[in-house]
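Colleague: Below you'll find entry02.cif; it's mmCIF, C-alpha atoms.
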data_input
#
loop_
_atom_site.group_PDB
_atom_site.id
_atom_site.type_symbol
_atom_site.label_atom_id
_atom_site.label_comp_id
_atom_site.auth_asym_id
_atom_site.auth_seq_id
_atom_site.Cartn_x
_atom_site.Cartn_y
_atom_site.Cartn_z
ATOM 1 C CA MET V 9 175.663 151.618 97.324
ATOM 2 C CA LEU V 10 173.030 149.474 98.955
ATOM 3 C CA ARG V 11 172.665 145.936 97.621
ATOM 4 C CA ARG V 12 169.220 144.584 96.985
ATOM 5 C CA ARG V 13 168.501 141.514 99.014
ATOM 6 C CA ARG V 14 167.454 138.599 96.861
ATOM 7 C CA VAL V 15 164.425 136.703 98.112
ATOM 8 C CA LEU V 16 164.859 132.954 97.757
ATOM 9 C CA PRO V 17 161.881 130.771 96.895
ATOM 10 C CA GLU V 18 162.872 127.956 99.255
ATOM 11 C CA ALA V 19 160.947 129.371 102.198
ATOM 12 C CA PRO V 20 157.401 129.189 100.719
ATOM 13 C CA VAL V 21 158.166 125.864 99.027
ATOM 14 C CA ARG V 22 159.453 124.438 102.275
ATOM 15 C CA PHE V 23 156.456 125.887 104.132
ATOM 16 C CA ASP V 24 154.059 124.268 101.645
ATOM 17 C CA ARG V 25 155.883 120.962 101.963
ATOM 18 C CA ASP V 26 155.749 121.172 105.749
ATOM 19 C CA LEU V 27 152.049 121.985 105.602
ATOM 20 C CA ARG V 28 151.369 118.895 103.510
ATOM 21 C CA ALA V 29 153.359 116.760 105.913
ATOM 22 C CA LEU V 30 151.432 118.195 108.853
ATOM 23 C CA GLY V 31 148.143 117.570 107.034
ATOM 24 C CA ALA V 32 149.153 113.954 106.423
ATOM 25 C CA GLN V 33 149.821 113.498 110.136
ATOM 26 C CA VAL V 34 146.498 114.902 111.337
ATOM 27 C CA GLY V 35 144.495 113.594 108.358
ATOM 28 C CA THR V 36 143.302 117.040 107.153
ATOM 29 C CA GLY V 37 144.375 119.861 104.903
ATOM 30 C CA THR V 38 145.368 117.952 101.782
ATOM 31 C CA ARG V 39 143.708 115.657 99.297
ATOM 32 C CA ARG V 40 146.314 112.937 99.162
ATOM 33 C CA PRO V 41 145.578 111.429 102.579
ATOM 34 C CA ARG V 42 141.867 111.318 101.717
ATOM 35 C CA ARG V 43 142.637 109.585 98.440
ATOM 36 C CA ARG V 44 144.800 107.037 100.201
ATOM 37 C CA ALA V 45 142.072 106.458 102.775
ATOM 38 C CA ALA V 46 139.500 105.986 100.017
ATOM 39 C CA ALA V 47 141.809 103.570 98.238
ATOM 40 C CA GLN V 48 142.128 101.553 101.411
ATOM 41 C CA ARG V 49 138.324 101.303 101.659
ATOM 42 C CA ARG V 50 137.796 100.180 98.072
ATOM 43 C CA PRO V 51 138.737 96.534 98.617
ATOM 44 C CA GLU V 52 136.113 96.392 101.387
ATOM 45 C CA ARG V 53 133.436 97.677 99.016
ATOM 46 C CA ARG V 54 134.417 95.167 96.353
ATOM 47 C CA SER V 55 134.391 92.310 98.815
ATOM 48 C CA ARG V 56 130.980 93.420 100.056
ATOM 49 C CA HIS V 57 129.592 93.371 96.522
ATOM 50 C CA ALA V 58 131.203 90.004 95.882
ATOM 51 C CA ARG V 59 129.092 88.251 98.514
ATOM 52 C CA PRO V 60 126.936 85.459 97.094
ATOM 53 C CA ARG V 61 123.515 86.693 96.066
ATOM 54 C CA ARG V 62 120.469 85.210 97.731
ATOM 55 C CA PHE V 63 117.856 83.687 95.476
ATOM 56 C CA ARG V 64 115.504 80.732 95.468
ATOM 57 C CA PRO V 65 115.612 78.951 92.112
ATOM 58 C CA LEU V 66 113.045 76.394 91.091
ATOM 59 C CA THR V 67 113.878 72.748 91.567
ATOM 60 C CA ALA V 68 113.559 70.403 88.582
ATOM 61 C CA THR V 69 110.170 69.211 89.865
ATOM 62 C CA GLU V 70 108.940 72.784 90.406
ATOM 63 C CA ALA V 71 110.213 73.791 86.963
ATOM 64 C CA ARG V 72 108.152 71.029 85.333
ATOM 65 C CA GLN V 73 105.087 72.144 87.301
ATOM 66 C CA PHE V 74 105.735 75.719 86.205
ATOM 67 C CA LEU V 75 105.904 74.782 82.530
ATOM 68 C CA ASP V 76 102.789 72.603 82.747
ATOM 69 C CA ALA V 77 100.804 75.418 84.377
ATOM 70 C CA ALA V 78 102.030 77.973 81.811
ATOM 71 C CA ARG V 79 100.617 76.071 78.825
ATOM 72 C CA THR V 80 97.195 77.695 79.170
ATOM 73 C CA ASP V 81 98.514 81.208 79.836
ATOM 74 C CA ARG V 82 98.547 83.884 77.142
ATOM 75 C CA LEU V 83 102.262 84.473 77.876
ATOM 76 C CA HIS V 84 103.165 80.790 77.779
ATOM 77 C CA ALA V 85 105.899 81.410 75.197
ATOM 78 C CA LEU V 86 107.440 84.175 77.332
ATOM 79 C CA TYR V 87 107.495 82.079 80.511
ATOM 80 C CA GLU V 88 108.940 79.088 78.697
ATOM 81 C CA LEU V 89 111.590 81.200 76.989
ATOM 82 C CA ALA V 90 112.545 82.768 80.317
ATOM 83 C CA LEU V 91 113.017 79.428 82.071
ATOM 84 C CA ARG V 92 114.678 77.541 79.230
ATOM 85 C CA THR V 93 117.118 80.280 78.132
ATOM 86 C CA GLY V 94 117.598 82.522 81.180
ATOM 87 C CA LEU V 95 116.831 85.754 79.319
ATOM 88 C CA ARG V 96 116.360 88.843 81.472
ATOM 89 C CA LYS V 97 112.906 90.407 81.768
ATOM 90 C CA GLY V 98 113.892 93.473 79.733
ATOM 91 C CA GLU V 99 115.506 91.305 77.054
ATOM 92 C CA LEU V 100 112.319 89.266 76.693
ATOM 93 C CA LEU V 101 110.103 92.341 76.454
ATOM 94 C CA GLY V 102 112.487 93.951 73.965
ATOM 95 C CA LEU V 103 112.445 91.031 71.524
ATOM 96 C CA HIS V 104 111.215 91.778 68.011
ATOM 97 C CA TRP V 105 110.139 89.173 65.525
ATOM 98 C CA GLU V 106 113.032 90.221 63.322
ATOM 99 C CA ASP V 107 115.368 89.094 66.133
ATOM 100 C CA LEU V 108 114.096 85.516 65.861
ATOM 101 C CA ASP V 109 114.946 82.949 63.236
ATOM 102 C CA LEU V 110 112.409 80.206 63.789
ATOM 103 C CA THR V 111 113.872 78.230 60.870
ATOM 104 C CA THR V 112 117.389 77.911 62.229
ATOM 105 C CA GLY V 113 116.221 78.157 65.843
ATOM 106 C CA THR V 114 118.208 81.170 67.017
ATOM 107 C CA ALA V 115 117.530 84.492 68.723
ATOM 108 C CA SER V 116 119.629 87.657 68.570
ATOM 109 C CA ILE V 117 119.566 89.653 71.815
ATOM 110 C CA ARG V 118 120.163 93.283 70.852
ATOM 111 C CA ARG V 119 118.136 95.486 73.211
ATOM 112 C CA SER V 120 116.209 95.689 76.459
ATOM 113 C CA LEU V 121 112.847 97.290 77.172
ATOM 114 C CA GLN V 122 112.980 99.408 80.336
ATOM 115 C CA ARG V 123 110.840 102.100 81.935
ATOM 116 C CA THR V 124 112.857 105.280 82.470
ATOM 117 C CA ARG V 125 111.876 108.368 84.448
ATOM 118 C CA SER V 126 112.207 110.711 81.506
ATOM 119 C CA GLY V 127 111.226 108.644 78.485
ATOM 120 C CA GLY V 128 108.754 106.093 79.809
ATOM 121 C CA LEU V 129 109.016 102.697 78.118
ATOM 122 C CA THR V 130 112.255 102.840 76.167
ATOM 123 C CA HIS V 131 114.368 100.403 74.210
ATOM 124 C CA LEU V 132 117.895 100.552 75.628
ATOM 125 C CA PRO V 133 121.127 98.736 74.782
ATOM 126 C CA THR V 134 121.722 95.463 76.552
ATOM 127 C CA LYS V 135 123.155 95.488 80.070
ATOM 128 C CA THR V 136 126.739 94.886 78.888
ATOM 129 C CA ARG V 137 128.479 94.335 75.570
ATOM 130 C CA ALA V 138 128.564 90.598 76.330
ATOM 131 C CA SER V 139 124.783 90.690 76.829
ATOM 132 C CA GLU V 140 124.369 91.419 73.117
ATOM 133 C CA ARG V 141 124.494 87.839 71.931
ATOM 134 C CA ARG V 142 123.013 85.130 69.724
ATOM 135 C CA ILE V 143 121.534 82.113 71.469
ATOM 136 C CA ALA V 144 120.105 78.775 70.392
ATOM 137 C CA LEU V 145 116.390 78.291 70.971
ATOM 138 C CA PRO V 146 115.171 74.983 72.436
ATOM 139 C CA THR V 147 112.748 72.987 70.323
ATOM 140 C CA GLU V 148 110.000 73.510 72.910
ATOM 141 C CA CYS V 149 110.434 77.283 72.627
ATOM 142 C CA LEU V 150 110.175 77.125 68.844
ATOM 143 C CA HIS V 151 106.812 75.363 69.123
ATOM 144 C CA SER V 152 105.441 77.798 71.723
ATOM 145 C CA LEU V 153 106.696 80.832 69.770
ATOM 146 C CA LYS V 154 104.981 79.669 66.582
ATOM 147 C CA LYS V 155 101.708 79.216 68.487
ATOM 148 C CA HIS V 156 102.206 82.628 70.082
ATOM 149 C CA GLN V 157 102.683 84.153 66.635
ATOM 150 C CA GLU V 158 99.400 82.640 65.472
ATOM 151 C CA ARG V 159 97.651 84.017 68.557
ATOM 152 C CA GLN V 160 99.108 87.460 67.924
ATOM 153 C CA ASP V 161 97.886 87.395 64.316
ATOM 154 C CA LYS V 162 94.343 86.743 65.578
ATOM 155 C CA GLU V 163 94.675 89.583 68.108
ATOM 156 C CA ARG V 164 95.768 91.889 65.279
ATOM 157 C CA GLU V 165 92.646 91.029 63.312
ATOM 158 C CA THR V 166 90.445 91.536 66.373
ATOM 159 C CA ALA V 167 92.021 94.913 67.251
ATOM 160 C CA GLY V 168 91.696 96.251 63.707
ATOM 161 C CA SER V 169 92.625 99.937 63.518
ATOM 162 C CA ALA V 170 93.448 99.968 67.238
ATOM 163 C CA TRP V 171 96.415 97.677 66.617
ATOM 164 C CA THR V 172 99.897 99.173 67.126
ATOM 165 C CA ASP V 173 102.414 97.603 64.773
ATOM 166 C CA SER V 174 105.378 97.579 67.174
ATOM 167 C CA GLY V 175 106.970 94.407 65.845
ATOM 168 C CA LEU V 176 107.353 93.130 69.405
ATOM 169 C CA VAL V 177 107.143 89.415 70.104
ATOM 170 C CA PHE V 178 105.451 89.964 73.459
ATOM 171 C CA SER V 179 102.931 92.781 73.533
ATOM 172 C CA THR V 180 99.499 93.711 74.819
ATOM 173 C CA PRO V 181 96.402 92.434 72.914
ATOM 174 C CA THR V 182 96.577 95.683 70.912
ATOM 175 C CA GLY V 183 100.275 95.392 70.016
ATOM 176 C CA ARG V 184 101.651 97.884 72.504
ATOM 177 C CA PRO V 185 104.744 97.152 74.635
ATOM 178 C CA LEU V 186 104.277 95.243 77.877
ATOM 179 C CA ASP V 187 105.212 97.272 80.930
ATOM 180 C CA PRO V 188 107.825 95.425 83.050
ATOM 181 C CA ALA V 189 105.915 96.290 86.231
ATOM 182 C CA ASN V 190 102.689 94.878 84.783
ATOM 183 C CA LEU V 191 104.532 91.691 83.822
ATOM 184 C CA THR V 192 105.770 91.357 87.402
ATOM 185 C CA ARG V 193 102.212 91.651 88.754
ATOM 186 C CA ARG V 194 100.909 89.220 86.154
ATOM 187 C CA PHE V 195 103.680 86.766 87.027
ATOM 188 C CA ARG V 196 102.777 86.853 90.717
ATOM 189 C CA GLY V 197 99.128 86.216 89.900
ATOM 190 C CA PHE V 198 100.115 83.303 87.682
ATOM 191 C CA LEU V 199 102.153 81.703 90.493
ATOM 192 C CA ASN V 200 99.258 82.052 92.935
ATOM 193 C CA GLN V 201 96.751 80.612 90.493
ATOM 194 C CA ALA V 202 99.056 77.692 89.678
ATOM 195 C CA GLY V 203 99.696 76.959 93.359
ATOM 196 C CA LEU V 204 103.449 77.524 93.017
ATOM 197 C CA ARG V 205 105.587 79.165 95.671
ATOM 198 C CA ARG V 206 106.285 82.846 95.208
ATOM 199 C CA ILE V 207 109.557 83.748 93.506
ATOM 200 C CA ARG V 208 110.837 86.802 91.666
ATOM 201 C CA PHE V 209 110.691 86.842 87.889
ATOM 202 C CA HIS V 210 114.487 87.127 87.876
ATOM 203 C CA ASP V 211 114.633 83.829 89.786
ATOM 204 C CA LEU V 212 113.629 82.098 86.549
ATOM 205 C CA ARG V 213 117.015 83.154 85.201
ATOM 206 C CA HIS V 214 118.722 81.764 88.308
ATOM 207 C CA SER V 215 116.708 78.580 87.897
ATOM 208 C CA THR V 216 118.031 78.176 84.350
ATOM 209 C CA ALA V 217 121.645 78.432 85.460
ATOM 210 C CA THR V 218 121.177 76.219 88.515
ATOM 211 C CA LEU V 219 119.441 73.446 86.589
ATOM 212 C CA LEU V 220 122.096 73.567 83.861
ATOM 213 C CA LEU V 221 124.877 73.302 86.436
ATOM 214 C CA GLU V 222 123.148 70.332 88.033
ATOM 215 C CA GLN V 223 123.067 68.680 84.611
ATOM 216 C CA GLY V 224 126.836 69.095 84.302
ATOM 217 C CA VAL V 225 126.782 71.806 81.609
ATOM 218 C CA ASP V 226 130.102 73.637 81.307
ATOM 219 C CA LEU V 227 130.307 76.991 83.089
ATOM 220 C CA ILE V 228 131.481 78.749 79.916
ATOM 221 C CA VAL V 229 128.370 77.628 78.030
ATOM 222 C CA ILE V 230 126.158 78.942 80.834
ATOM 223 C CA LYS V 231 128.071 82.233 80.889
ATOM 224 C CA GLU V 232 127.514 82.708 77.143
ATOM 225 C CA LEU V 233 123.836 81.782 77.373
ATOM 226 C CA LEU V 234 123.183 84.230 80.216
ATOM 227 C CA GLY V 235 125.283 86.983 78.617
ATOM 228 C CA HIS V 236 127.553 87.607 81.604
ATOM 229 C CA ALA V 237 130.474 89.963 81.022
ATOM 230 C CA HIS V 238 133.025 87.375 82.154
ATOM 231 C CA ILE V 239 133.011 83.894 83.612
ATOM 232 C CA GLY V 240 133.945 85.209 87.070
ATOM 233 C CA VAL V 241 130.439 86.672 87.381
ATOM 234 C CA THR V 242 128.847 83.301 86.618
ATOM 235 C CA ALA V 243 131.178 81.442 88.964
ATOM 236 C CA GLY V 244 130.652 83.967 91.762
ATOM 237 C CA VAL V 245 126.862 84.079 91.595
ATOM 238 C CA TYR V 246 126.480 80.295 91.596
ATOM 239 C CA THR V 247 129.228 79.436 94.066
ATOM 240 C CA HIS V 248 126.813 77.667 96.411
ATOM 241 C CA VAL V 249 125.548 75.469 93.577
ATOM 242 C CA ARG V 250 129.047 74.441 92.572
ATOM 243 C CA LEU V 251 129.950 73.676 96.202
ATOM 244 C CA ARG V 252 126.863 71.469 96.521
ATOM 245 C CA LEU V 253 127.812 69.616 93.347
ATOM 246 C CA GLN V 254 131.370 69.222 94.621
ATOM 247 C CA ARG V 255 130.027 67.761 97.857
ATOM 248 C CA GLN V 256 127.919 65.281 95.925
ATOM 249 C CA ALA V 257 130.948 64.347 93.827
ATOM 250 C CA VAL V 258 133.258 63.720 96.789
ATOM 251 C CA ASP V 259 130.485 61.812 98.590
ATOM 252 C CA ALA V 260 130.086 59.597 95.536
ATOM 253 C CA LEU V 261 133.839 59.027 95.517
ATOM 254 C CA GLY V 262 133.730 58.253 99.240
ATOM 255 C CA ASN V 263 131.031 55.649 98.663
ATOM 256 C CA ALA V 264 133.144 54.081 95.922
ATOM 257 C CA LEU V 265 136.280 54.031 98.064
ATOM 258 C CA GLY V 266 134.374 52.698 101.068
ATOM 259 C CA SER V 267 133.333 49.523 99.272
ATOM 260 C CA THR V 268 135.966 46.749 99.018
ATOM 261 C CA ASP V 269 133.838 43.729 98.058
ATOM 262 C CA GLY V 270 133.785 42.872 94.404
ATOM 263 C CA ASP V 271 135.605 46.008 93.275
ATOM 264 C CA PRO V 272 136.647 45.866 89.629
ATOM 265 C CA PRO V 273 140.380 46.259 88.973
ATOM 266 C CA ALA V 274 141.506 49.835 88.507
ATOM 267 C CA ALA V 275 142.562 50.876 85.024
ATOM 268 C CA ALA V 276 146.271 51.193 84.497
ATOM 269 C CA VAL V 277 145.927 54.442 82.589
ATOM 270 C CA VAL V 278 143.411 57.199 83.314
ATOM 271 C CA ARG V 279 142.633 59.361 80.328
#
Mind turning this structure into structure tokens?
Modeller:
Amino acid sequence: MLRRRRVLPEAPVRFDRDLRALGAQVGTGTRRPRRRAAAQRRPERRSRHARPRRFRPLTATEARQFLDAARTDRLHALYELALRTGLRKGELLGLHWEDLDLTTGTASIRRSLQRTRSGGLTHLPTKTRASERRIALPTECLHSLKKHQERQDKERETAGSAWTDSGLVFSTPTGRPLDPANLTRRFRGFLNQAGLRRIRFHDLRHSTATLLLEQGVDLIVIKELLGHAHIGVTAGVYTHVRLRLQRQAVDALGNALGSTDGDPPAAAVVR
């Protein structure tokens, strides 16, 4: 009687294992080497994105000039709110009157107005979950917002049946949403007319953070005001500002240590 020869599975398994090993050596044939190569490139991409962003914020003097020039503009309240609170353009355009409490002086940031390819002007959720926040409104913003509300009431009466009741704080003279691109063009024209140097609208937000840092405001407070996802974003974006402030601090200490005449006695305990 002839015995049937049993075929063992080791050969194909070993062949497949050898093929994977060969593919790892030459860098082709399997997915694992490509995944490892991609994983090795990821830190480079993260480090590239982590580079400090370039922007040109307003100085304190320029910021005062900006606010003075904005007083006669129809969007004075928007410009002042942007510079004093650091709200994003879409967050400003997405504000509804129901989001503001002019009695307690607070604003709830819940949405952003953006132009999408499919839906046109659309109200979208805020950029991140941390961007949905409640902020305190400066006294100056409360005054300008109340005046803006009075102006809008007059525009509603003038428009009559052509008025669109959108509930938006900042709208066209007929109540329709302001297009972000139109706001950008209007902002550039305002800077030219006021004789101010050209900056991006988003640089108003950077100006807010920079000026607050220069005033010694805690980084956590700035992070919450701007609606950053975590404090590392705030610290990373404004690294150059913090380094400049550190340099000023150590220079001030150097000036103090360099003077020996008439120095007051050092305190025994530093608290």
Colleague: Could you tell me which residues the PyMOL selection byres ((chain V and resi 154) around 12) returns for this structure, as a list of chain:residue names?
Modeller: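 For this structure, the PyMOL selection byres ((chain V and resi 154) around 12) captures V:His84, V:Ala85, V:Leu86, V:Trp105, V:Leu108, V:Asp109, V:Leu110, V:Thr111, V:Gly113, V:Thr147, V:Glu148, V:Cys149, V:Leu150, V:His151, V:Ser152, V:Leu153, V:Lys155, V:His156, V:Gln157, V:Glu158, V:Arg159, V:Gln160, V:Asp161, V:Val177.
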Colleague: Which polymer residues have any atom within 9 Å of an atom of Phe195 in chain V, counting only C-alpha atoms, with same-chain residues fewer than 5 positions away left out, as a ChimeraX atom specification?
Modeller: /V:87,190,200,208-209
Colleague: Give as a compact mmCIF listing (two decimals) with C-alpha atoms, keeping the file's coordinate frame the set of residues within 10 Å of the point (112.4, 75.2, 93.0), where distances use the file's coordinates and all atoms listed in the file.
Modeller:
# COMPACT_ATOMS: atom_id res chain seq x y z
CA ARG V 64 115.50 80.73 95.47
CA PRO V 65 115.61 78.95 92.11
CA LEU V 66 113.04 76.39 91.09
CA THR V 67 113.88 72.75 91.57
CA ALA V 68 113.56 70.40 88.58
CA THR V 69 110.17 69.21 89.86
CA GLU V 70 108.94 72.78 90.41
CA ALA V 71 110.21 73.79 86.96
CA ARG V 72 108.15 71.03 85.33
CA GLN V 73 105.09 72.14 87.30
CA PHE V 74 105.74 75.72 86.20
CA LEU V 204 103.45 77.52 93.02
CA ARG V 205 105.59 79.17 95.67
CA ILE V 207 109.56 83.75 93.51
CA ASP V 211 114.63 83.83 89.79
CA LEU V 212 113.63 82.10 86.55
CA SER V 215 116.71 78.58 87.90
CA THR V 218 121.18 76.22 88.52
CA LEU V 219 119.44 73.45 86.59
Colleague: Which residues come within 9 Å of Pro188 in chain V, counting only C-alpha atoms, excluding same-chain residues fewer than 4 positions away, as a list in words?
Modeller: Lys97, Gly98, Leu101, Leu121, Gln122, Arg123, Leu129, Thr192 and Arg193 of chain V
Colleague: Would you save the residues of that selection, restricted to C-alpha atoms, as a JSON list (two decimals), in the coordinates of the input?
Modeller:
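Contents of the output file out-v9.json:
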[["chain", "number", "residue", "atom", "x", "y", "z"],
["V", 97, "LYS", "CA", 112.91, 90.41, 81.77],
["V", 98, "GLY", "CA", 113.89, 93.47, 79.73],
["V", 101, "LEU", "CA", 110.10, 92.34, 76.45],
["V", 121, "LEU", "CA", 112.85, 97.29, 77.17],
["V", 122, "GLN", "CA", 112.98, 99.41, 80.34],
["V", 123, "ARG", "CA", 110.84, 102.10, 81.94],
["V", 129, "LEU", "CA", 109.02, 102.70, 78.12],
["V", 192, "THR", "CA", 105.77, 91.36, 87.40],
["V", 193, "ARG", "CA", 102.21, 91.65, 88.75]]
Colleague: Measuring atom to atom with all atoms listed in the file, identify which of V:Val249, V:Ala217, V:Ala202, V:Ala264 is nearest to Arg79 in chain V.
Modeller: V:Ala202
Colleague: Measuring atom to atom with all atoms listed in the file, identify which of V:Arg137, V:Leu233, V:Gly127, V:His104 is nearest to Gly183 in chain V.
Modeller: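 Selected residue with least distance to Gly183 in chain V: V:His104.
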Colleague: Using all atoms listed in the file, which protein or nucleic acid residues come within 8 Å of His236 in chain V? Drop anything in the same chain fewer than 6 positions from it, and give the result as a list in words.
Modeller: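 Here the answer would be Thr136, Ala138, Ser139 and Thr242 of chain V.
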Colleague: How would the residues just chosen look if you wrote them out with C-alpha atoms as a PDB file, in the frame of the given file?
Modeller:
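That gives us selection.pdb:
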ATOM      1  CA  THR V 136     126.739  94.886  78.888  1.00  0.00           C
ATOM      2  CA  ALA V 138     128.564  90.598  76.330  1.00  0.00           C
ATOM      3  CA  SER V 139     124.783  90.690  76.829  1.00  0.00           C
ATOM      4  CA  THR V 242     128.847  83.301  86.618  1.00  0.00           C
TER       5      THR V 242
END
Colleague: Tell me, in Å to one decimal, how far CA of Arg206 in chain V is from CA of Leu83 in chain V.
Modeller: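 Result for CA of Arg206 in chain V versus CA of Leu83 in chain V: 17.9 Å, one decimal.
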Colleague: Quick one: axis-aligned box around all listed atoms of range 73-83 of chain V, 4 Å on every side, centre and edge lengths in Å to one decimal, written as AutoDock Vina command-line options.
Modeller:
--center_x 101.5 --center_y 78.3 --center_z 82.2 --size_x 16.7 --size_y 20.3 --size_z 18.2
Colleague: Can you work out the spacing between CA of Arg142 in chain V and CA of Gly240 in chain V in Å, to one decimal?
Modeller: 20.5 Å
Colleague: Rank nothing, just name the residue among V:Lys231, V:Arg213, V:His131, V:Lys162 nearest to Asp187 in chain V, using all atoms listed in the file.
Modeller: V:His131
Colleague: The PyMOL selection byres ((chain V and resi 170) around 12) on the file shown: which residues, as a short mmCIF file (atom, residue, chain, number, x, y, z; two decimals) with C-alpha atoms, in the coordinates of the input?
Modeller:
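Contents of the output file selection-v7.cif:
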data_model
loop_
_atom_site.label_atom_id
_atom_site.label_comp_id
_atom_site.auth_asym_id
_atom_site.auth_seq_id
_atom_site.Cartn_x
_atom_site.Cartn_y
_atom_site.Cartn_z
CA GLU V 163 94.68 89.58 68.11
CA ARG V 164 95.77 91.89 65.28
CA GLU V 165 92.65 91.03 63.31
CA THR V 166 90.44 91.54 66.37
CA ALA V 167 92.02 94.91 67.25
CA GLY V 168 91.70 96.25 63.71
CA SER V 169 92.62 99.94 63.52
CA TRP V 171 96.42 97.68 66.62
CA THR V 172 99.90 99.17 67.13
CA ASP V 173 102.41 97.60 64.77
CA THR V 180 99.50 93.71 74.82
CA PRO V 181 96.40 92.43 72.91
CA THR V 182 96.58 95.68 70.91
CA GLY V 183 100.28 95.39 70.02
CA ARG V 184 101.65 97.88 72.50
#
Colleague: Could you tell me how far CA of Gly224 in chain V lies from CA of Leu253 in chain V, in Å and to one decimal?
Modeller: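 Those two atoms sit 9.1 Å apart.
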Colleague: Go through V:Pro133, V:Ile230, V:Ala237, V:Leu251 one by one, measure the shortest atom-to-atom distance of each to Thr216 in chain V using only C-alpha atoms, and give the residue with the smallest value.
Modeller: V:Ile230
Colleague: Restricting the calculation to all atoms listed in the file, which member of V:Asp76, V:Glu99, V:Glu222, V:Glu88 is positioned closest to Leu145 in chain V?
Modeller: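 Among the listed residues, V:Glu88 lies closest to Leu145 in chain V.
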Colleague: Using all atoms listed in the file, give me every residue within 6 Å of (121.4, 81.8, 68.4) in file coordinates, as an MDAnalysis selection string.
Modeller: chainID V and resid 114:115 142:144
Colleague: Out of V:His214, V:Arg119, V:Arg82, V:Leu75, which residue has the shortest atom-to-atom distance to Arg194 in chain V when counting only C-alpha atoms?
Modeller: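 Among the listed residues, V:Arg82 lies closest to Arg194 in chain V.
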